[in-house]
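Peer 1: So that you have it, the file is entry-v7.txt, and it contains compact mmCIF, C-alpha atoms:
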```
# COMPACT_ATOMS: atom_id res chain seq x y z
CA MET L 1 64.56 -27.16 -71.88
CA PRO L 2 62.10 -28.27 -74.60
CA GLU L 3 59.64 -25.54 -75.53
CA SER L 4 56.70 -27.95 -74.96
CA ALA L 5 57.63 -28.31 -71.30
CA GLY L 6 56.95 -24.65 -70.59
CA PRO L 7 53.14 -24.88 -70.13
CA LEU L 8 53.49 -27.97 -67.93
CA LEU L 9 56.06 -26.31 -65.68
CA GLU L 10 53.85 -23.24 -65.46
CA ALA L 11 50.87 -25.41 -64.48
CA ILE L 12 52.95 -27.12 -61.76
CA ALA L 13 54.05 -23.73 -60.43
CA GLN L 14 50.43 -22.48 -60.40
CA LEU L 15 49.27 -25.56 -58.47
CA SER L 16 52.16 -25.36 -56.00
CA THR L 17 51.20 -21.83 -54.97
CA ALA L 18 47.41 -22.09 -55.33
CA PRO L 19 45.23 -20.88 -52.46
CA LEU L 20 42.51 -23.30 -51.39
CA THR L 21 39.78 -21.25 -53.03
CA GLU L 22 41.40 -21.54 -56.49
CA ILE L 23 42.96 -24.98 -56.45
CA ALA L 24 40.12 -26.76 -58.30
CA GLN L 25 40.10 -24.19 -61.11
CA ARG L 26 43.88 -24.39 -61.50
CA LEU L 27 43.88 -28.20 -61.50
CA HIS L 28 41.05 -28.27 -64.04
CA GLN L 29 42.98 -25.92 -66.31
CA ALA L 30 46.23 -27.86 -65.85
CA THR L 31 44.72 -31.25 -66.76
CA ARG L 32 42.70 -30.15 -69.80
CA PRO L 33 45.58 -30.54 -72.30
CA TYR L 34 45.68 -34.24 -71.34
CA LEU L 35 42.13 -35.13 -70.26
CA ASP L 36 39.14 -32.85 -70.72
CA SER L 37 35.94 -32.83 -68.65
CA THR L 38 32.75 -30.83 -68.24
CA ALA L 39 33.29 -30.37 -64.52
CA MET L 40 35.76 -31.31 -61.81
CA VAL L 41 35.02 -31.85 -58.13
CA ILE L 42 37.59 -32.39 -55.36
CA PHE L 43 36.27 -33.95 -52.15
CA THR L 44 38.49 -33.86 -49.06
CA GLU L 45 37.33 -34.46 -45.49
CA ASP L 46 40.39 -32.66 -44.10
CA CYS L 47 39.02 -29.29 -45.19
CA THR L 48 36.13 -28.81 -42.79
CA GLY L 49 35.11 -25.41 -44.07
CA ARG L 50 34.62 -26.45 -47.69
CA PRO L 51 35.10 -30.18 -48.28
CA GLN L 52 34.12 -29.68 -51.92
CA LYS L 53 36.27 -27.68 -54.33
CA LYS L 54 34.72 -27.36 -57.77
CA SER L 55 35.34 -26.10 -61.29
CA GLY L 56 33.43 -26.28 -64.55
CA ALA L 57 29.78 -26.36 -65.57
CA GLU L 58 27.64 -24.43 -63.11
CA SER L 59 24.71 -26.79 -63.63
CA VAL L 60 26.84 -29.59 -62.17
CA ILE L 61 28.97 -27.94 -59.49
CA SER L 62 26.10 -25.95 -57.95
CA GLN L 63 24.10 -29.13 -57.30
CA VAL L 64 26.66 -31.82 -56.42
CA SER L 65 26.20 -33.20 -52.90
CA ILE L 66 28.36 -34.90 -50.30
CA ALA L 67 26.11 -37.99 -50.49
CA GLU L 68 26.80 -38.32 -54.23
CA LEU L 69 30.57 -38.00 -53.69
CA ASP L 70 30.44 -40.56 -50.88
CA ALA L 71 28.73 -42.97 -53.27
CA VAL L 72 31.43 -42.48 -55.92
CA ARG L 73 34.13 -43.03 -53.29
CA SER L 74 32.52 -46.34 -52.33
CA PHE L 75 32.80 -47.53 -55.95
CA LEU L 76 36.60 -47.21 -55.83
CA ASP L 77 36.87 -49.92 -53.14
CA GLY L 78 40.67 -49.81 -53.03
CA HIS L 79 41.17 -49.49 -56.80
CA GLU L 80 43.31 -46.74 -58.32
CA THR L 81 40.55 -45.68 -60.73
CA TRP L 82 36.80 -46.04 -61.08
CA GLN L 83 34.86 -45.26 -64.22
CA GLY L 84 31.16 -45.52 -64.80
CA ARG L 85 27.89 -43.62 -64.67
CA ALA L 86 26.79 -42.04 -61.40
CA PRO L 87 24.43 -39.30 -60.17
CA ILE L 88 26.37 -36.03 -59.88
CA GLY L 89 24.48 -32.79 -59.32
CA GLY L 90 21.14 -34.62 -59.37
CA GLN L 91 21.64 -36.14 -62.84
CA GLU L 92 23.47 -39.23 -64.06
CA HIS L 93 26.77 -38.52 -65.81
CA PRO L 94 29.79 -40.43 -67.04
CA VAL L 95 32.31 -40.16 -64.22
CA LEU L 96 36.01 -40.87 -63.72
CA ALA L 97 37.18 -41.01 -60.07
CA LEU L 98 40.77 -40.96 -58.82
CA PRO L 99 41.84 -41.33 -55.16
CA SER L 100 45.02 -39.85 -53.68
CA PRO L 101 47.53 -40.76 -50.96
CA THR L 102 45.96 -38.05 -48.78
CA ASN L 103 42.52 -39.75 -49.01
CA ALA L 104 41.12 -36.92 -51.11
CA LEU L 105 38.91 -37.80 -54.08
CA LEU L 106 38.97 -36.35 -57.59
CA VAL L 107 35.82 -36.70 -59.71
CA LEU L 108 35.85 -35.80 -63.40
CA VAL L 109 32.38 -35.39 -64.94
CA ASP L 110 31.97 -36.31 -68.63
CA PRO L 111 35.68 -37.17 -69.04
CA ARG L 112 37.01 -37.33 -72.58
CA PRO L 113 40.41 -37.30 -74.26
CA ALA L 114 41.65 -33.81 -74.99
CA ALA L 115 41.89 -32.65 -78.57
CA GLY L 116 44.88 -34.33 -80.13
CA GLN L 117 44.96 -37.14 -77.55
CA ASP L 118 44.05 -40.59 -78.85
CA ALA L 119 41.44 -42.48 -76.86
CA PRO L 120 41.50 -46.28 -76.82
CA GLY L 121 39.46 -47.69 -79.71
CA GLN L 122 38.94 -44.31 -81.37
CA ASP L 123 40.06 -43.58 -84.91
CA ALA L 124 39.48 -39.85 -84.64
CA PRO L 125 40.80 -38.22 -81.48
CA GLY L 126 38.43 -35.99 -79.58
CA GLN L 127 35.33 -37.14 -81.47
CA ASP L 128 33.52 -38.74 -78.54
CA VAL L 129 29.75 -38.57 -78.44
CA PRO L 130 28.29 -36.26 -75.75
CA GLY L 131 26.79 -38.27 -72.88
CA GLN L 132 28.84 -41.35 -73.70
CA LEU L 133 31.67 -42.51 -71.49
CA ALA L 134 35.08 -42.42 -73.13
CA ASP L 135 36.86 -45.76 -72.61
CA LEU L 136 39.59 -44.75 -70.16
CA THR L 137 40.93 -47.64 -68.11
CA GLY L 138 43.18 -47.12 -65.12
CA GLN L 139 46.23 -47.59 -67.35
CA ASP L 140 44.90 -45.14 -69.95
CA VAL L 141 44.56 -42.17 -67.60
CA PRO L 142 47.50 -39.95 -68.56
CA TRP L 143 50.22 -40.17 -65.93
CA LEU L 144 50.49 -36.38 -65.95
CA VAL L 145 46.87 -36.14 -64.81
CA ARG L 146 47.64 -38.43 -61.88
CA TYR L 147 50.78 -36.46 -61.09
CA LEU L 148 49.00 -33.09 -61.15
CA TRP L 149 46.13 -34.47 -59.04
CA ASN L 150 48.48 -35.86 -56.38
CA LEU L 151 50.31 -32.52 -56.33
CA ALA L 152 47.02 -30.66 -55.80
CA ALA L 153 45.89 -33.10 -53.08
CA GLU L 154 49.18 -32.63 -51.23
CA ARG L 155 48.83 -28.85 -51.55
CA ILE L 156 45.37 -29.04 -49.94
CA ARG L 157 46.71 -31.20 -47.11
CA GLU L 158 49.57 -28.77 -46.43
CA LYS L 159 47.32 -25.70 -46.45
CA VAL L 160 44.81 -27.29 -44.08
CA ALA L 161 47.54 -28.62 -41.76
CA ASP L 162 49.09 -25.15 -41.57
CA ALA L 163 45.70 -23.72 -40.52
CA PRO L 164 46.40 -20.04 -41.28
CA PRO L 165 44.08 -17.45 -39.70
CA SER L 166 42.25 -16.79 -42.99
CA TYR L 167 41.44 -20.50 -43.32
CA LEU L 168 40.19 -20.69 -39.73
CA ILE L 169 37.87 -17.71 -40.20
CA GLU L 170 36.41 -19.16 -43.41
CA SER L 171 36.09 -22.66 -41.94
CA ARG L 172 34.22 -21.50 -38.86
CA ALA L 173 31.76 -19.44 -40.89
CA ALA L 174 31.22 -22.14 -43.54
CA SER L 175 30.87 -24.95 -41.01
CA ALA L 176 28.30 -23.06 -38.96
CA GLU L 177 26.26 -22.20 -42.04
CA ARG L 178 26.30 -25.78 -43.36
CA VAL L 179 25.14 -27.17 -40.01
CA ARG L 180 22.37 -24.59 -39.82
CA VAL L 181 21.07 -25.29 -43.34
CA THR L 182 21.25 -29.07 -42.89
CA ALA L 183 19.45 -28.90 -39.55
CA GLU L 184 16.73 -26.82 -41.16
CA LEU L 185 16.40 -29.40 -43.97
CA VAL L 186 16.19 -32.25 -41.49
CA ASP L 187 13.59 -30.46 -39.40
CA ARG L 188 11.36 -29.70 -42.37
CA HIS L 189 11.55 -33.09 -44.08
CA SER L 190 11.52 -35.15 -40.88
CA THR L 191 8.25 -33.56 -39.87
CA THR L 192 6.76 -34.26 -43.30
CA LEU L 193 7.90 -37.88 -43.36
CA GLU L 194 6.86 -38.56 -39.77
CA THR L 195 3.39 -37.22 -40.58
CA LEU L 196 3.26 -39.39 -43.68
CA LEU L 197 4.24 -42.47 -41.69
CA ALA L 198 1.57 -41.79 -39.08
CA ALA L 199 -1.10 -41.48 -41.76
CA LEU L 200 -0.03 -44.58 -43.65
CA ARG L 201 0.03 -46.66 -40.48
CA SER L 202 -3.53 -45.67 -39.67
CA PRO L 203 -5.90 -48.66 -39.37
CA ALA L 204 -8.50 -46.61 -41.24
CA LEU L 205 -6.69 -47.40 -44.49
CA ALA L 206 -7.99 -50.63 -46.00
CA ASP L 207 -5.29 -51.43 -48.55
CA ASP L 208 -2.71 -53.11 -46.31
CA ALA L 209 -0.32 -53.95 -49.12
CA ALA L 210 -0.27 -50.39 -50.43
CA ARG L 211 0.13 -49.01 -46.94
CA LYS L 212 3.07 -51.33 -46.21
CA SER L 213 4.80 -50.44 -49.48
CA ALA L 214 4.37 -46.71 -48.91
CA THR L 215 5.51 -47.06 -45.31
CA ASP L 216 8.70 -48.82 -46.39
CA VAL L 217 9.49 -46.13 -48.94
CA ALA L 218 8.88 -43.31 -46.49
CA ALA L 219 10.91 -45.03 -43.74
CA LYS L 220 13.85 -45.47 -46.10
CA ALA L 221 13.68 -41.79 -47.11
CA LEU L 222 13.65 -40.74 -43.46
CA VAL L 223 16.71 -42.88 -42.68
CA GLU L 224 18.58 -41.44 -45.69
CA LEU L 225 17.78 -37.89 -44.62
CA ARG L 226 19.00 -38.43 -41.08
CA THR L 227 22.10 -40.22 -42.39
CA LEU L 228 22.87 -37.13 -44.45
CA ASN L 229 22.58 -35.01 -41.32
CA ASP L 230 24.94 -37.35 -39.43
CA ARG L 231 27.39 -37.31 -42.35
CA THR L 232 27.45 -33.51 -42.38
CA THR L 233 28.07 -33.47 -38.65
CA GLU L 234 30.98 -35.89 -39.10
CA LEU L 235 32.60 -33.49 -41.56
CA VAL L 236 32.48 -30.52 -39.19
CA GLU L 237 33.33 -32.36 -35.96
CA GLU L 238 36.13 -34.67 -34.88
CA PRO L 239 36.26 -36.76 -31.68
CA VAL L 240 38.87 -35.27 -29.35
CA ALA L 241 40.69 -38.60 -28.99
CA THR L 242 40.89 -38.99 -32.79
CA ALA L 243 42.18 -35.43 -33.20
CA PHE L 244 44.88 -36.05 -30.59
CA GLN L 245 45.91 -39.33 -32.24
CA ARG L 246 46.38 -37.48 -35.53
CA LEU L 247 48.65 -35.04 -33.69
CA ARG L 248 50.77 -37.96 -32.47
CA GLU L 249 51.03 -39.28 -36.02
CA ASP L 250 52.09 -35.83 -37.24
CA LEU L 251 54.87 -35.63 -34.66
CA ARG L 252 55.99 -39.26 -34.91
CA PRO L 253 58.91 -38.55 -37.33
CA LEU L 254 60.18 -35.82 -35.02
CA THR L 255 60.05 -38.06 -31.96
CA HIS L 256 61.85 -40.79 -33.90
CA PHE L 257 64.76 -38.80 -35.35
CA SER L 258 65.33 -35.84 -33.02
CA GLY L 259 66.36 -37.80 -29.96
CA ILE L 260 64.02 -35.64 -27.88
CA ASP L 261 61.49 -37.39 -25.68
CA VAL L 262 58.10 -35.99 -26.73
CA GLN L 263 55.48 -37.13 -24.23
CA PHE L 264 51.73 -37.15 -24.94
CA ILE L 265 49.13 -36.89 -22.18
CA GLU L 266 45.91 -38.25 -23.65
CA PRO L 267 42.64 -36.28 -23.39
CA PRO L 268 39.54 -37.99 -21.94
CA VAL L 269 38.16 -40.35 -24.57
CA ASN L 270 34.60 -39.24 -23.83
CA GLY L 271 35.37 -35.54 -24.11
CA ARG L 272 33.23 -33.32 -26.30
CA ALA L 273 33.89 -33.58 -30.06
CA LEU L 274 35.94 -30.74 -31.50
CA PRO L 275 34.72 -28.49 -34.33
CA GLY L 276 36.87 -29.24 -37.36
CA GLU L 277 38.53 -25.83 -37.46
CA VAL L 278 39.45 -26.09 -33.77
CA ALA L 279 40.96 -29.57 -34.25
CA HIS L 280 43.05 -28.40 -37.21
CA ALA L 281 44.17 -25.26 -35.40
CA ALA L 282 45.07 -27.17 -32.24
CA ARG L 283 47.30 -29.58 -34.15
CA ALA L 284 48.96 -26.75 -36.06
CA ILE L 285 49.57 -24.77 -32.85
CA VAL L 286 51.09 -27.73 -30.99
CA ARG L 287 53.26 -28.64 -33.97
CA GLY L 288 54.50 -25.05 -34.14
CA LEU L 289 55.25 -24.90 -30.42
CA VAL L 290 57.08 -28.23 -30.43
CA LEU L 291 59.21 -27.21 -33.43
CA ALA L 292 60.07 -23.89 -31.74
CA MET L 293 61.09 -25.74 -28.57
CA VAL L 294 63.17 -28.32 -30.46
CA GLU L 295 65.29 -25.53 -31.95
CA GLN L 296 66.48 -24.51 -28.47
CA PRO L 297 69.68 -25.97 -27.07
CA GLU L 298 69.56 -28.16 -23.98
CA VAL L 299 65.99 -29.37 -24.59
CA ARG L 300 65.67 -33.09 -23.94
CA ARG L 301 62.00 -33.53 -23.12
CA ILE L 302 58.74 -31.93 -24.28
CA ARG L 303 55.33 -32.73 -22.85
CA THR L 304 52.06 -31.92 -24.60
CA GLN L 305 48.67 -32.38 -23.01
CA TRP L 306 45.08 -31.85 -24.14
CA ASP L 307 42.03 -31.64 -21.96
CA CYS L 308 38.47 -30.45 -22.43
CA ASP L 309 36.19 -28.75 -19.91
CA GLY L 310 33.08 -29.00 -22.11
CA GLU L 311 33.42 -25.46 -23.44
CA ASN L 312 37.12 -25.16 -24.26
CA LEU L 313 40.00 -27.26 -25.54
CA LEU L 314 42.82 -26.85 -23.01
CA ILE L 315 46.33 -27.30 -24.40
CA ASN L 316 49.57 -27.35 -22.43
CA VAL L 317 53.05 -27.71 -23.95
CA ARG L 318 56.12 -27.68 -21.71
CA ASP L 319 59.84 -28.25 -22.25
CA ASP L 320 62.82 -28.79 -19.93
CA GLY L 321 65.11 -26.25 -21.60
CA MET L 322 66.70 -23.12 -20.17
CA GLY L 323 63.60 -20.93 -20.48
CA ASN L 324 65.02 -18.89 -23.35
CA LEU L 325 62.10 -19.22 -25.76
CA SER L 326 61.42 -15.71 -27.07
CA THR L 327 57.88 -14.41 -26.93
CA ASP L 328 58.84 -11.98 -29.72
CA ALA L 329 59.92 -14.70 -32.16
CA PRO L 330 58.00 -14.56 -35.48
CA SER L 331 56.99 -18.23 -35.16
CA ILE L 332 55.42 -17.62 -31.74
CA ALA L 333 53.68 -14.47 -32.98
CA ARG L 334 52.10 -16.42 -35.86
CA LEU L 335 50.85 -19.06 -33.45
CA ALA L 336 49.40 -16.39 -31.19
CA GLN L 337 47.54 -14.96 -34.20
CA ARG L 338 45.95 -18.34 -34.92
CA VAL L 339 44.81 -18.56 -31.32
CA GLU L 340 43.36 -15.06 -31.50
CA VAL L 341 41.34 -15.87 -34.63
CA LEU L 342 39.45 -18.52 -32.68
CA ASP L 343 38.92 -16.12 -29.73
CA GLY L 344 41.36 -18.16 -27.67
CA ARG L 345 44.09 -17.25 -25.21
CA MET L 346 47.76 -18.18 -25.09
CA THR L 347 49.97 -17.58 -22.05
CA MET L 348 53.70 -18.27 -21.74
CA ASP L 349 55.53 -18.85 -18.48
CA LEU L 350 59.30 -18.72 -19.03
CA MET L 351 61.36 -20.01 -16.11
CA GLN L 352 65.08 -19.35 -16.44
CA GLY L 353 66.92 -22.63 -16.13
CA TRP L 354 63.67 -24.62 -15.91
CA GLY L 355 62.06 -24.28 -19.34
CA ALA L 356 58.94 -22.88 -20.96
CA ASP L 357 55.35 -23.66 -20.02
CA ILE L 358 52.75 -22.59 -22.60
CA ALA L 359 48.99 -22.84 -22.07
CA VAL L 360 46.43 -22.37 -24.85
CA THR L 361 42.66 -22.19 -24.44
CA LEU L 362 40.50 -22.59 -27.56
CA PRO L 363 36.71 -22.11 -27.24
CA LEU L 364 34.73 -24.89 -28.90
CA ASP L 365 31.86 -22.60 -29.88
CA PRO L 366 31.91 -19.36 -31.89
CA PRO L 367 31.65 -16.25 -29.74
CA GLY L 368 28.13 -15.30 -28.75
CA ARG L 369 26.60 -12.33 -30.44
CA LYS L 370 24.70 -9.54 -28.80
CA LEU L 371 20.99 -10.26 -28.93
CA PRO L 372 18.73 -7.77 -30.70
CA ASP L 373 16.49 -5.53 -28.63
CA ALA L 374 13.43 -7.64 -27.80
CA ALA L 375 11.35 -4.47 -27.74
CA ALA L 376 11.82 -4.07 -31.51
CA TRP L 377 9.74 -7.20 -32.09
CA ASP L 378 7.89 -7.11 -28.78
CA LEU L 379 9.13 -10.61 -27.98
CA GLY L 380 8.86 -12.02 -24.51
CA GLU L 381 11.92 -13.45 -22.78
CA ARG L 382 10.98 -17.04 -23.54
CA GLU L 383 10.09 -16.21 -27.15
CA LEU L 384 13.50 -14.62 -27.62
CA GLU L 385 15.17 -17.76 -26.24
CA VAL L 386 13.20 -19.93 -28.66
CA LEU L 387 14.12 -17.64 -31.57
CA GLN L 388 17.78 -17.83 -30.60
CA GLN L 389 17.65 -21.64 -30.70
CA LEU L 390 15.76 -21.53 -34.00
CA ALA L 391 18.39 -19.24 -35.54
CA ALA L 392 21.08 -21.69 -34.44
CA GLY L 393 19.44 -24.37 -36.59
CA GLN L 394 17.88 -26.42 -33.79
CA ARG L 395 14.86 -28.65 -34.34
CA ASN L 396 11.71 -28.26 -32.26
CA ARG L 397 12.52 -31.36 -30.24
CA THR L 398 16.02 -30.07 -29.41
CA ILE L 399 14.69 -26.61 -28.52
CA ALA L 400 12.19 -28.22 -26.16
CA ALA L 401 14.89 -30.28 -24.47
CA LYS L 402 17.30 -27.36 -24.08
CA LEU L 403 14.67 -24.99 -22.68
CA HIS L 404 12.86 -27.67 -20.64
CA LEU L 405 9.60 -27.19 -22.53
CA SER L 406 7.19 -29.49 -24.28
CA GLU L 407 7.22 -29.59 -28.09
CA ASN L 408 3.68 -28.21 -28.13
CA THR L 409 4.82 -25.22 -26.07
CA VAL L 410 7.71 -24.64 -28.50
CA LYS L 411 5.25 -24.69 -31.41
CA PHE L 412 3.02 -22.24 -29.54
CA HIS L 413 5.97 -19.84 -29.07
CA LEU L 414 6.98 -20.23 -32.73
CA ARG L 415 3.50 -19.24 -33.93
CA ASN L 416 3.69 -16.09 -31.81
CA ILE L 417 7.23 -15.37 -33.05
CA TYR L 418 6.17 -15.68 -36.71
CA ARG L 419 3.24 -13.34 -36.08
CA LYS L 420 5.33 -10.69 -34.30
CA LEU L 421 8.13 -10.81 -36.88
CA GLY L 422 5.70 -10.86 -39.79
CA ALA L 423 7.36 -14.05 -41.04
CA THR L 424 5.44 -16.53 -43.16
CA SER L 425 7.77 -19.52 -42.68
CA ARG L 426 10.48 -20.98 -40.48
CA THR L 427 13.13 -20.12 -43.08
CA GLU L 428 12.01 -16.49 -43.23
CA ALA L 429 12.10 -16.19 -39.43
CA ILE L 430 15.64 -17.59 -39.36
CA ALA L 431 16.74 -15.14 -42.08
CA MET L 432 15.22 -12.20 -40.18
CA ALA L 433 16.96 -13.30 -36.98
CA HIS L 434 20.32 -13.58 -38.76
CA SER L 435 19.91 -10.15 -40.37
CA SER L 436 19.51 -8.73 -36.86
CA GLY L 437 22.72 -10.37 -35.64
CA LEU L 438 21.12 -13.36 -33.91
CA HIS L 439 22.93 -16.64 -34.73
```
Kindly present the structure from the file in structure tokens form.

Peer 2:
Amino acid sequence: MPESAGPLLEAIAQLSTAPLTEIAQRLHQATRPYLDSTAMVIFTEDCTGRPQKKSGAESVISQVSIAELDAVRSFLDGHETWQGRAPIGGQEHPVLALPSPTNALLVLVDPRPAAGQDAPGQDAPGQDVPGQLADLTGQDVPWLVRYLWNLAAERIREKVADAPPSYLIESRAASAERVRVTAELVDRHSTTLETLLAALRSPALADDAARKSATDVAAKALVELRTLNDRTTELVEEPVATAFQRLREDLRPLTHFSGIDVQFIEPPVNGRALPGEVAHAARAIVRGLVLAMVEQPEVRRIRTQWDCDGENLLINVRDDGMGNLSTDAPSIARLAQRVEVLDGRMTMDLMQGWGADIAVTLPLDPPGRKLPDAAAWDLGERELEVLQQLAAGQRNRTIAAKLHLSENTVKFHLRNIYRKLGATSRTEAIAMAHSSGLH
């Protein structure tokens, strides 16, 4: 083996075994000998807990947003490479974007040929001017960079599809926090913009042209803010019918080549959307159960069914084997652990000569936490209910609808809550509630 191949093989090995939390750093390190960059961002919608995986300059990776990555993705428009200038982390940078077969996106910020690598049109390698975009066409991107990126994207897909317990715990926590923060942002800025619109539309203002211009700007900003909220929700939720269709696609090769009749009973199309971590776990659990059943002799038919009662995803998988599936098998134990992580239940009914019938119940919401003692803050029952909704990231309008109150009454309760907690802002009240175990 040539000595120069050693670092490359080591990089491939590091990527192949990388945990999700380190995959961006390892890919960044692996690609630097061929194509350098100030920062690297991976964007994948499969990973609901952390759709962004980042490495490099803190000033870039700490500020980059989903909206910015969505914009870069739109520039690709089916092409294998896009290069140009785009806002990343709140500032415009030279950017190189690469898609992948798994629909993940790789964004390299300030890309430049690595030392010793010739760039097109450059006499001196590695002497590019900071802030200028190195001329890297789709054909000029080193093939090893594409290969390493596709390897990393496939690694992410496999890790998410496997849905190990550690991933599910992290995803649930990260998803809940992102929804809470985004809802708080929307609530604060929507109120500001709605107030601005009301003032600018006032007939007391004489300058109609100025008022119309300002109104248009504010209306556009309000739409963009709410679009961001909707986009965040899309990343942490998946329609139940879409999640089930992805399961069918996952199992299609098995149904085609195994000779076993795998039947799918569709869930209601209007069922409640599934949190991303629940959808991933459900697919992984069903895949695991089907594979365990296929390994048994005498199995000719397997039926899998999903349903939703509004609070839980109800899964049933049944085979027509001899009922010999072992509850002590390591594969079944691992599946049971995944169910347990999401506070679910799994029951197995083994009928000798008739097959196995397995039922799984996965709650759609995180488990409720014990409320703090209202006496500590001297909160009334209704005030505590409002605080609970506030801590969950709900807007005033939503709180009013859920508790059957007017928005003015909600605001009245919030003023009393702030006073009793000693909080000076909505954010501070939420933080105090979370520190007391109220989520």

Peer 1: Starting from the point (51.6, -27.5, -33.3), work out which residues of protein, DNA or RNA have an atom no more than 10 Å away when counting only C-alpha atoms; state them as a PyMOL selection string.

Peer 2: chain L and resi 161-162+247+250-251+280-292+304+317+335

Peer 1: Considering all atoms listed in the file, return as a list in words whatever protein or nucleic-acid residues lie within 10 Å of Arg201 of chain L, sequence-local ones (same chain, fewer than 6 positions apart) excluded.

Peer 2: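 Contacts, with the query itself left out: Asp208, Arg211, Lys212, Ala214 and Thr215 of chain L.
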
Peer 1: Could you tell me how far atom CA of Glu407 of chain L lies from atom CA of Val223 of chain L, in Å and to one decimal?

Peer 2: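 Answer for the atom CA of Glu407 of chain L to atom CA of Val223 of chain L separation: 21.9 Å.
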
Peer 1: Quick one: everything within 10 Å of Pro297 of chain L, counting all atoms listed in the file, minus sequence neighbours fewer than 3 positions away in the same chain. Send it as a PDB file with C-alpha atoms, in the frame of the given file.

Peer 2:
```
ATOM      1  CA  MET L 293      61.090 -25.740 -28.570  1.00  0.00           C
ATOM      2  CA  VAL L 294      63.170 -28.320 -30.460  1.00  0.00           C
ATOM      3  CA  ARG L 300      65.670 -33.090 -23.940  1.00  0.00           C
ATOM      4  CA  GLY L 321      65.110 -26.250 -21.600  1.00  0.00           C
ATOM      5  CA  MET L 322      66.700 -23.120 -20.170  1.00  0.00           C
ATOM      6  CA  ASN L 324      65.020 -18.890 -23.350  1.00  0.00           C
TER       7      ASN L 324
END
```

Peer 1: Skip segment 24-40 of chain L itself and residues of its chain fewer than 5 positions away, then list as a VMD selection string all residues within 8 Å of it, counting all atoms listed in the file.

Peer 2: chain L and resid 8 11 to 12 14 to 15 18 53 to 57 60 to 61 106 to 115 117 141 to 142 144 to 145 148 to 149 152

Peer 1: In Å, how far is it from atom CA of Gly393 of chain L to atom CA of Phe43 of chain L?

Peer 2: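 Taking atom CA of Gly393 of chain L as the start and atom CA of Phe43 of chain L as the end point, the length is 24.8 Å.
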
Peer 1: Between atom CA of Thr102 of chain L and atom CA of Glu249 of chain L, what is the distance in Å, rounded to a tenth?

Peer 2: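 Separation of atom CA of Thr102 of chain L and atom CA of Glu249 of chain L: 13.8 Å.
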
Peer 1: Which one is closest to Pro275 of chain L: L:Ser258, L:Asn312, L:Gln389, L:Ser406? Count only C-alpha atoms.

Peer 2: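 Answer, going by the shortest atom-to-atom distance: L:Asn312.
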
Peer 1: Please work out which residues fall within 9 Å of (46.1, -31.9, -25.0), coordinates as given in the file, with only C-alpha atoms counting, and return them as a PyMOL selection string.

Peer 2: chain L and resi 244+264-267+282+286+304-308+313-317

Peer 1: Can you tell me which residues surround Leu76 of chain L at a distance of at most 12 Å, considering all atoms listed in the file, apart from same-chain residues fewer than 4 positions away, and format the answer as a ChimeraX atom specification?

Peer 2: /L:69-72,80-84,95-100,103,105-107,138

Peer 1: How would segment 331-341 of chain L read, as a compact mmCIF listing (two decimals), in the frame of the given file, once N, CA and C atoms are built in?

Peer 2:
```
# COMPACT_ATOMS: atom_id res chain seq x y z
N SER L 331 57.76 -16.98 -35.18
CA SER L 331 56.99 -18.23 -35.16
C SER L 331 55.97 -18.23 -34.03
N ILE L 332 56.35 -17.70 -32.87
CA ILE L 332 55.42 -17.62 -31.74
C ILE L 332 54.33 -16.60 -32.02
N ALA L 333 54.68 -15.49 -32.66
CA ALA L 333 53.68 -14.47 -32.98
C ALA L 333 52.63 -15.01 -33.94
N ARG L 334 53.07 -15.83 -34.92
CA ARG L 334 52.10 -16.42 -35.86
C ARG L 334 51.16 -17.38 -35.14
N LEU L 335 51.71 -18.15 -34.20
CA LEU L 335 50.85 -19.06 -33.45
C LEU L 335 49.85 -18.29 -32.59
N ALA L 336 50.30 -17.21 -32.00
CA ALA L 336 49.40 -16.39 -31.19
C ALA L 336 48.27 -15.81 -32.04
N GLN L 337 48.57 -15.49 -33.31
CA GLN L 337 47.54 -14.96 -34.20
C GLN L 337 46.49 -16.01 -34.49
N ARG L 338 46.91 -17.26 -34.68
CA ARG L 338 45.95 -18.34 -34.92
C ARG L 338 45.03 -18.52 -33.71
N VAL L 339 45.61 -18.44 -32.53
CA VAL L 339 44.81 -18.56 -31.32
C VAL L 339 43.80 -17.43 -31.23
N GLU L 340 44.22 -16.23 -31.59
CA GLU L 340 43.36 -15.06 -31.50
C GLU L 340 42.17 -15.16 -32.46
N VAL L 341 42.42 -15.73 -33.65
CA VAL L 341 41.34 -15.87 -34.63
C VAL L 341 40.18 -16.68 -34.08
```
